[in-house]
file my_file_3.csv (CSV, C-alpha atoms)
chain,number,residue,atom,x,y,z
A,5,MET,CA,-93.2,88.6,37.6
A,6,ALA,CA,-91.2,89.1,40.8
A,7,TYR,CA,-92.5,87.4,43.9
A,8,PRO,CA,-94.0,88.1,46.4
A,9,LEU,CA,-97.2,89.3,44.7
A,10,ASN,CA,-99.9,91.5,46.4
A,11,GLY,CA,-103.6,92.1,45.9
A,12,SER,CA,-106.6,93.4,47.8
A,13,ASN,CA,-110.4,93.6,47.4
A,14,GLY,CA,-113.5,94.4,49.4
A,15,GLU,CA,-116.8,92.5,49.8
A,16,LEU,CA,-120.1,94.1,50.9
A,17,VAL,CA,-122.2,92.1,53.3
A,18,LYS,CA,-125.9,93.2,53.5
A,19,LYS,CA,-128.3,91.2,55.7
A,20,ARG,CA,-131.5,91.6,57.7
A,21,ILE,CA,-131.3,89.9,61.1
A,22,ILE,CA,-134.7,89.2,62.7
A,23,PHE,CA,-134.7,88.3,66.4
A,24,ALA,CA,-136.7,85.5,67.9
A,25,PRO,CA,-137.5,86.3,71.6
A,26,PRO,CA,-140.3,84.5,73.4
A,27,PRO,CA,-143.7,85.4,72.0
A,28,GLN,CA,-144.7,87.3,75.1
A,29,ASP,CA,-141.6,89.4,75.1
A,30,ALA,CA,-140.5,92.5,73.0
A,31,VAL,CA,-137.1,94.0,72.3
A,32,VAL,CA,-136.4,97.2,74.2
A,33,LYS,CA,-133.0,98.1,73.0
A,34,ILE,CA,-130.0,96.7,71.1
A,35,THR,CA,-127.1,97.1,73.4
A,36,ASP,CA,-124.0,95.7,71.8
A,37,THR,CA,-122.6,94.0,68.7
A,38,THR,CA,-119.4,92.0,68.4
A,39,GLN,CA,-117.9,90.4,65.3
A,40,ASP,CA,-115.1,88.1,64.1
A,41,LEU,CA,-113.9,87.1,60.7
A,42,VAL,CA,-112.8,83.5,59.9
A,43,VAL,CA,-111.0,82.6,56.7
A,44,GLU,CA,-111.6,79.0,55.6
A,45,CYS,CA,-109.9,79.0,52.2
A,46,ALA,CA,-107.5,81.2,50.3
A,47,GLU,CA,-106.0,79.8,47.0
A,48,VAL,CA,-105.2,80.7,43.4
A,49,ILE,CA,-108.0,79.7,41.1
A,50,ASP,CA,-107.5,77.6,38.0
A,51,GLY,CA,-106.1,79.8,35.2
A,52,GLY,CA,-104.2,82.0,37.7
A,53,ASP,CA,-104.2,85.8,38.2
A,54,PHE,CA,-106.9,85.6,40.9
A,55,VAL,CA,-107.1,84.4,44.5
A,56,ILE,CA,-110.4,83.3,46.0
A,57,VAL,CA,-110.9,83.9,49.7
A,58,ARG,CA,-113.8,82.2,51.5
A,59,GLY,CA,-114.9,82.5,55.1
A,60,HIS,CA,-117.6,83.7,57.3
A,61,LEU,CA,-118.5,86.7,59.4
A,62,ASN,CA,-119.5,85.8,63.0
A,63,LYS,CA,-121.7,88.5,64.5
A,64,SER,CA,-123.2,88.4,68.0
A,65,ILE,CA,-125.9,90.9,68.9
A,66,ALA,CA,-127.0,91.6,72.5
A,67,TYR,CA,-130.4,93.1,73.2
A,68,LEU,CA,-132.8,93.8,76.1
A,69,THR,CA,-136.3,92.3,76.3
A,70,THR,CA,-139.3,92.9,78.5
A,71,ASN,CA,-142.9,91.8,78.7
A,72,LYS,CA,-144.7,93.0,75.5
A,73,GLY,CA,-147.8,94.2,77.4
A,74,ALA,CA,-145.7,96.3,79.8
A,75,LEU,CA,-143.7,97.8,77.0
A,76,ASN,CA,-146.9,98.7,75.0
A,77,LYS,CA,-148.1,100.6,78.1
A,78,LEU,CA,-144.7,102.3,78.4
A,79,ILE,CA,-144.8,103.6,74.9
A,80,GLY,CA,-148.4,104.6,75.0
A,81,LYS,CA,-149.9,101.9,72.7
A,82,GLU,CA,-152.3,100.9,75.5
A,83,GLU,CA,-154.1,103.6,77.3
A,84,LYS,CA,-155.7,103.2,80.7
A,85,HIS,CA,-159.4,104.0,80.8
A,86,ASP,CA,-161.5,105.2,83.7
A,87,ASP,CA,-164.7,103.1,83.2
A,88,LYS,CA,-166.7,105.4,85.6
A,89,LYS,CA,-165.8,108.5,83.7
A,90,ASP,CA,-166.6,106.9,80.4
A,91,ASP,CA,-170.0,105.9,81.7
A,92,ASP,CA,-170.7,109.4,83.0
A,93,LYS,CA,-169.7,110.9,79.7
A,94,LYS,CA,-172.0,108.6,77.8
A,95,ASP,CA,-175.0,109.5,80.1
A,96,ASP,CA,-174.3,113.2,79.7
A,97,ASP,CA,-174.1,112.8,75.9
A,98,LYS,CA,-177.5,111.2,75.9
A,99,LYS,CA,-178.9,114.1,78.0
A,100,GLY,CA,-177.3,116.6,75.7
A,101,LYS,CA,-175.0,118.1,78.3
A,102,LYS,CA,-171.7,119.6,77.3
A,103,HIS,CA,-168.6,120.0,79.4
A,104,VAL,CA,-165.7,122.4,79.4
A,105,SER,CA,-162.4,120.6,79.2
A,106,CYS,CA,-158.9,121.8,80.0
A,107,GLU,CA,-156.1,119.5,79.1
A,108,PRO,CA,-152.3,120.1,79.3
A,109,VAL,CA,-150.5,120.8,76.0
A,110,CYS,CA,-147.6,118.6,77.0
A,111,PRO,CA,-148.2,115.5,79.3
A,112,GLU,CA,-146.4,115.7,82.6
A,113,PRO,CA,-143.2,113.6,82.6
A,114,GLN,CA,-143.4,110.4,84.5
A,115,CYS,CA,-140.8,108.0,85.8
A,116,MET,CA,-141.4,104.5,84.3
A,117,ALA,CA,-139.5,101.3,84.5
A,118,VAL,CA,-139.7,97.7,83.2
A,119,ASP,CA,-137.9,94.6,84.1
A,120,GLY,CA,-136.5,92.2,81.5
A,121,VAL,CA,-133.9,89.8,80.3
A,122,ILE,CA,-130.7,90.3,78.3
A,123,ARG,CA,-130.7,88.0,75.2
A,124,HIS,CA,-128.5,87.6,72.2
A,125,THR,CA,-128.6,86.4,68.6
A,126,THR,CA,-125.5,85.0,66.9
A,127,VAL,CA,-125.2,84.6,63.2
A,128,TRP,CA,-122.6,83.1,60.8
A,129,ILE,CA,-122.7,84.9,57.5
A,130,PRO,CA,-120.6,83.4,54.7
A,131,PHE,CA,-118.6,85.6,52.4
A,132,GLU,CA,-116.5,85.0,49.2
A,133,THR,CA,-114.3,87.5,47.4
A,134,LEU,CA,-112.1,87.3,44.4
A,135,VAL,CA,-108.7,89.2,44.7
A,136,SER,CA,-106.9,90.2,41.5
A,137,VAL,CA,-103.2,89.2,41.7
A,138,GLU,CA,-101.5,89.5,38.3
A,139,GLY,CA,-99.0,86.7,37.7
A,140,ALA,CA,-100.3,84.4,40.4
A,141,GLN,CA,-100.4,80.7,39.3
A,142,VAL,CA,-101.9,77.5,40.6
A,143,GLY,CA,-99.6,76.0,43.3
A,144,ASP,CA,-98.5,79.4,44.7
A,145,ARG,CA,-98.8,79.9,48.4
A,146,VAL,CA,-101.3,82.4,49.6
A,147,ARG,CA,-101.0,84.4,52.9
A,148,ILE,CA,-103.6,86.7,54.4
A,149,GLU,CA,-101.9,90.1,55.0
A,150,SER,CA,-104.8,91.9,56.5
A,151,LEU,CA,-108.5,91.1,57.1
A,152,THR,CA,-110.9,93.8,58.4
A,153,VAL,CA,-114.6,94.4,58.7
A,154,GLU,CA,-116.1,97.9,59.1
A,155,PRO,CA,-119.6,99.3,59.0
A,156,LEU,CA,-120.4,100.8,55.6
A,157,TYR,CA,-121.9,103.9,57.3
A,158,LYS,CA,-119.4,105.6,59.5
A,159,ASN,CA,-121.8,107.1,62.0
A,160,ASN,CA,-121.8,103.7,64.0
A,161,ARG,CA,-125.6,103.9,64.4
A,162,ILE,CA,-127.3,100.6,64.8
A,163,HIS,CA,-129.9,100.3,62.0
A,164,GLU,CA,-132.9,98.8,63.8
A,165,ILE,CA,-135.8,97.2,62.0
A,166,ILE,CA,-139.1,98.6,63.4
A,167,GLU,CA,-142.5,97.0,63.0
A,168,ASP,CA,-145.6,98.2,64.8
A,169,CYS,CA,-143.5,100.5,66.9
A,170,LEU,CA,-141.4,97.6,68.2
A,171,ILE,CA,-137.8,96.6,67.5
A,172,VAL,CA,-137.8,93.2,65.6
A,173,GLY,CA,-134.3,93.1,64.3
A,174,MET,CA,-131.4,95.0,62.7
A,175,THR,CA,-129.8,95.4,59.3
A,176,ILE,CA,-126.1,94.6,58.7
A,177,ASN,CA,-124.2,96.7,56.1
A,178,ASP,CA,-120.5,95.7,56.6
A,179,LEU,CA,-117.5,96.0,54.3
A,180,ILE,CA,-115.0,93.2,54.5
A,181,GLN,CA,-111.6,94.1,53.2
A,182,VAL,CA,-108.9,91.5,52.5
A,183,SER,CA,-105.3,91.9,51.4
A,184,VAL,CA,-103.2,88.9,50.3
A,185,ILE,CA,-99.6,88.0,49.7
A,186,VAL,CA,-98.7,85.3,47.1
A,187,ASP,CA,-95.4,83.5,47.3
A,188,GLU,CA,-94.0,81.4,44.6
A,189,GLY,CA,-95.0,77.8,45.1
A,190,ILE,CA,-94.6,74.4,43.5
A,191,ARG,CA,-95.9,74.1,39.9
A,192,PRO,CA,-97.8,71.2,38.4
A,193,CYS,CA,-95.6,69.2,36.0
A,194,ASN,CA,-97.7,70.2,33.0
A,195,THR,CA,-96.6,73.8,33.4
A,196,GLN,CA,-94.0,73.9,30.7
A,197,GLU,CA,-92.3,77.1,31.8
A,198,TYR,CA,-91.2,75.5,35.1
A,199,LEU,CA,-90.3,71.9,33.9
A,200,GLN,CA,-87.6,69.8,32.6
A,201,PRO,CA,-88.4,66.2,31.5
A,202,CYS,CA,-89.3,64.4,34.7
A,203,HIS,CA,-89.4,60.8,35.7
A,204,LYS,CA,-93.0,59.5,35.7
A,205,GLU,CA,-93.2,59.0,39.5
A,206,HIS,CA,-92.5,62.7,40.1
A,207,LEU,CA,-95.9,64.4,40.5
A,208,LEU,CA,-94.5,67.9,41.1
A,209,CYS,CA,-91.3,69.6,40.0
A,210,HIS,CA,-90.1,73.1,40.8
A,211,LYS,CA,-88.0,75.0,38.3
A,212,ASP,CA,-85.1,75.2,40.8
A,213,HIS,CA,-84.8,71.4,41.2
A,214,GLU,CA,-81.4,70.0,40.6
A,215,SER,CA,-81.1,68.4,37.1
A,216,LYS,CA,-80.5,65.0,38.6
A,217,CYS,CA,-84.0,65.1,40.2
A,218,CYS,CA,-85.5,65.0,36.8
A,219,GLU,CA,-83.3,62.4,35.1
A,220,ASP,CA,-84.8,59.2,34.0
call {"tool": "encode", "arguments": {"input": "my_file_3.csv", "output": "structure tokens"}}
result
Amino acid sequence: MAYPLNGSNGELVKKRIIFAPPPQDAVVKITDTTQDLVVECAEVIDGGDFVIVRGHLNKSIAYLTTNKGALNKLIGKEEKHDDKKDDDKKDDDKKGKKHVSCEPVCPEPQCMAVDGVIRHTTVWIPFETLVSVEGAQVGDRVRIESLTVEPLYKNNRIHEIIEDCLIVGMTINDLIQVSVIVDEGIRPCNTQEYLQPCHKEHLLCHKDHESKCCED
């Protein structure tokens, strides 16, 4: 097998991230996400022909928060009541009076605003992928040729988790793709294909060693 050797693979990362703002606050909108990939280990596994790549996906999520009560009013979960009108209606109902009502089909648009705080959540998600590299052997040197992360769904829409009409988190569906290059390395002395008889203090011996290196 001629060196260098190449291989690539993909790993799907699927997670639910639940935010933890103060109890009195609610999330208004997820504004931004950033991400980085860090490789912690890349090596040929025992038995060869496969490279294991371990690392983590670092994702930072920025979002806007505001007072939960103010937001509930904004989205119509809490309606304002006119106590006097309610009492008058109850009195009229008791007397058997009926009233003609005329209500707009579409509510008139209103300008509403809330103040809040920008917060963020940062997560470190471990990943592990096995890359098939035929001919790779223990002791070979592994280099990362490319490492990318892309959303599984290409519409770039943020997948919010909604509970009781409020944003509580988001789902992550990312595809991590890694390509590796394997260069010939130093072989363990028990790999017969690469060895000549070695002196006992030699722990490793490459096939291209000069013969005098392996003389008793």
call {"tool": "residues_around", "arguments": {"input": "my_file_3.csv", "residues": "range 138-155 of chain A", "least_positions_apart": "3", "cutoff": "10 Å", "atoms": "all atoms listed in the file", "output": "JSON, numbers by chain"}}
result
{"A": [5, 6, 7, 8, 9, 10, 11, 12, 14, 15, 16, 17, 39, 40, 41, 42, 43, 45, 46, 47, 48, 49, 50, 51, 52, 53, 54, 55, 56, 57, 61, 135, 158, 159, 160, 161, 162, 176, 177, 178, 179, 180, 181, 182, 183, 184, 185, 186, 187, 188, 189, 190, 191, 192, 195, 208]}
call {"tool": "residues_around", "arguments": {"input": "my_file_3.csv", "residues": "Asn71 in chain A", "least_positions_apart": "2", "cutoff": "6 Å", "atoms": "all atoms listed in the file", "output": "PyMOL selection string"}}
result
chain A and resi 29+73-74
call {"tool": "atom_distance", "arguments": {"input": "my_file_3.csv", "atom1": "CA of Arg123 in chain A", "atom2": "CA of Leu78 in chain A"}}
result
20.3 Å
call {"tool": "atom_distance", "arguments": {"input": "my_file_3.csv", "atom1": "CA of Ala24 in chain A", "atom2": "CA of Ile171 in chain A"}}
result
11.2 Å
call {"tool": "atom_distance", "arguments": {"input": "my_file_3.csv", "atom1": "CA of Cys110 in chain A", "atom2": "CA of Glu167 in chain A"}}
result
26.2 Å
call {"tool": "closest_residue", "arguments": {"input": "my_file_3.csv", "among": "A:Val121, A:Lys18, A:Phe131, A:Val109", "to": "Lys33 in chain A", "atoms": "only C-alpha atoms"}}
result
A:Val121
call {"tool": "closest_residue", "arguments": {"input": "my_file_3.csv", "among": "A:Gly173, A:Ile165, A:Val32, A:Thr38", "to": "Ala117 in chain A", "atoms": "all atoms listed in the file"}}
result
A:Val32
call {"tool": "closest_residue", "arguments": {"input": "my_file_3.csv", "among": "A:Ala66, A:Cys106, A:Met174, A:Ile122", "to": "Lys19 in chain A", "atoms": "all atoms listed in the file"}}
result
A:Met174
call {"tool": "closest_residue", "arguments": {"input": "my_file_3.csv", "among": "A:Ile22, A:Ile129, A:His163, A:Val172", "to": "Arg58 in chain A", "atoms": "all atoms listed in the file"}}
result
A:Ile129
call {"tool": "build_atoms", "arguments": {"input": "my_file_3.csv", "residues": "range 130-151 of chain A", "atoms": "N, CA and C atoms", "output": "compact mmCIF listing (two decimals), in the frame of the given file"}}
result
# COMPACT_ATOMS: atom_id res chain seq x y z
N PRO A 130 -121.69 83.69 55.57
CA PRO A 130 -120.60 83.40 54.70
C PRO A 130 -120.25 84.52 53.73
N PHE A 131 -118.98 84.60 53.37
CA PHE A 131 -118.60 85.60 52.40
C PHE A 131 -117.55 84.94 51.42
N GLU A 132 -117.44 85.50 50.25
CA GLU A 132 -116.50 85.00 49.20
C GLU A 132 -116.09 86.19 48.37
N THR A 133 -114.80 86.38 48.23
CA THR A 133 -114.30 87.50 47.40
C THR A 133 -113.16 87.04 46.53
N LEU A 134 -113.07 87.67 45.37
CA LEU A 134 -112.10 87.30 44.40
C LEU A 134 -111.06 88.48 44.30
N VAL A 135 -109.80 88.17 44.62
CA VAL A 135 -108.70 89.20 44.70
C VAL A 135 -107.87 89.06 43.41
N SER A 136 -107.72 90.16 42.70
CA SER A 136 -106.90 90.20 41.50
C SER A 136 -105.40 90.23 41.90
N VAL A 137 -104.64 89.22 41.49
CA VAL A 137 -103.20 89.20 41.70
C VAL A 137 -102.53 88.78 40.43
N GLU A 138 -102.12 89.75 39.67
CA GLU A 138 -101.50 89.50 38.30
C GLU A 138 -100.26 88.67 38.47
N GLY A 139 -100.19 87.59 37.72
CA GLY A 139 -99.00 86.70 37.70
C GLY A 139 -99.10 85.54 38.66
N ALA A 140 -100.11 85.51 39.54
CA ALA A 140 -100.30 84.40 40.40
C ALA A 140 -100.64 83.13 39.63
N GLN A 141 -100.11 81.98 40.03
CA GLN A 141 -100.40 80.70 39.30
C GLN A 141 -100.76 79.63 40.31
N VAL A 142 -101.45 78.65 39.77
CA VAL A 142 -101.90 77.50 40.60
C VAL A 142 -100.64 76.87 41.23
N GLY A 143 -100.73 76.61 42.51
CA GLY A 143 -99.60 76.00 43.30
C GLY A 143 -98.86 77.06 44.10
N ASP A 144 -99.09 78.36 43.84
CA ASP A 144 -98.50 79.40 44.70
C ASP A 144 -99.09 79.36 46.08
N ARG A 145 -98.31 79.84 47.04
CA ARG A 145 -98.80 79.90 48.40
C ARG A 145 -99.40 81.24 48.71
N VAL A 146 -100.58 81.22 49.35
CA VAL A 146 -101.30 82.40 49.60
C VAL A 146 -101.31 82.71 51.13
N ARG A 147 -100.96 83.95 51.49
CA ARG A 147 -101.00 84.40 52.90
C ARG A 147 -101.96 85.56 53.01
N ILE A 148 -102.71 85.59 54.11
CA ILE A 148 -103.60 86.70 54.40
C ILE A 148 -102.76 87.81 55.08
N GLU A 149 -102.61 88.94 54.41
CA GLU A 149 -101.90 90.10 55.00
C GLU A 149 -102.71 90.85 55.98
N SER A 150 -103.94 91.14 55.61
CA SER A 150 -104.80 91.90 56.50
C SER A 150 -106.28 91.46 56.21
N LEU A 151 -107.12 91.49 57.25
CA LEU A 151 -108.50 91.10 57.10
C LEU A 151 -109.31 91.97 58.09
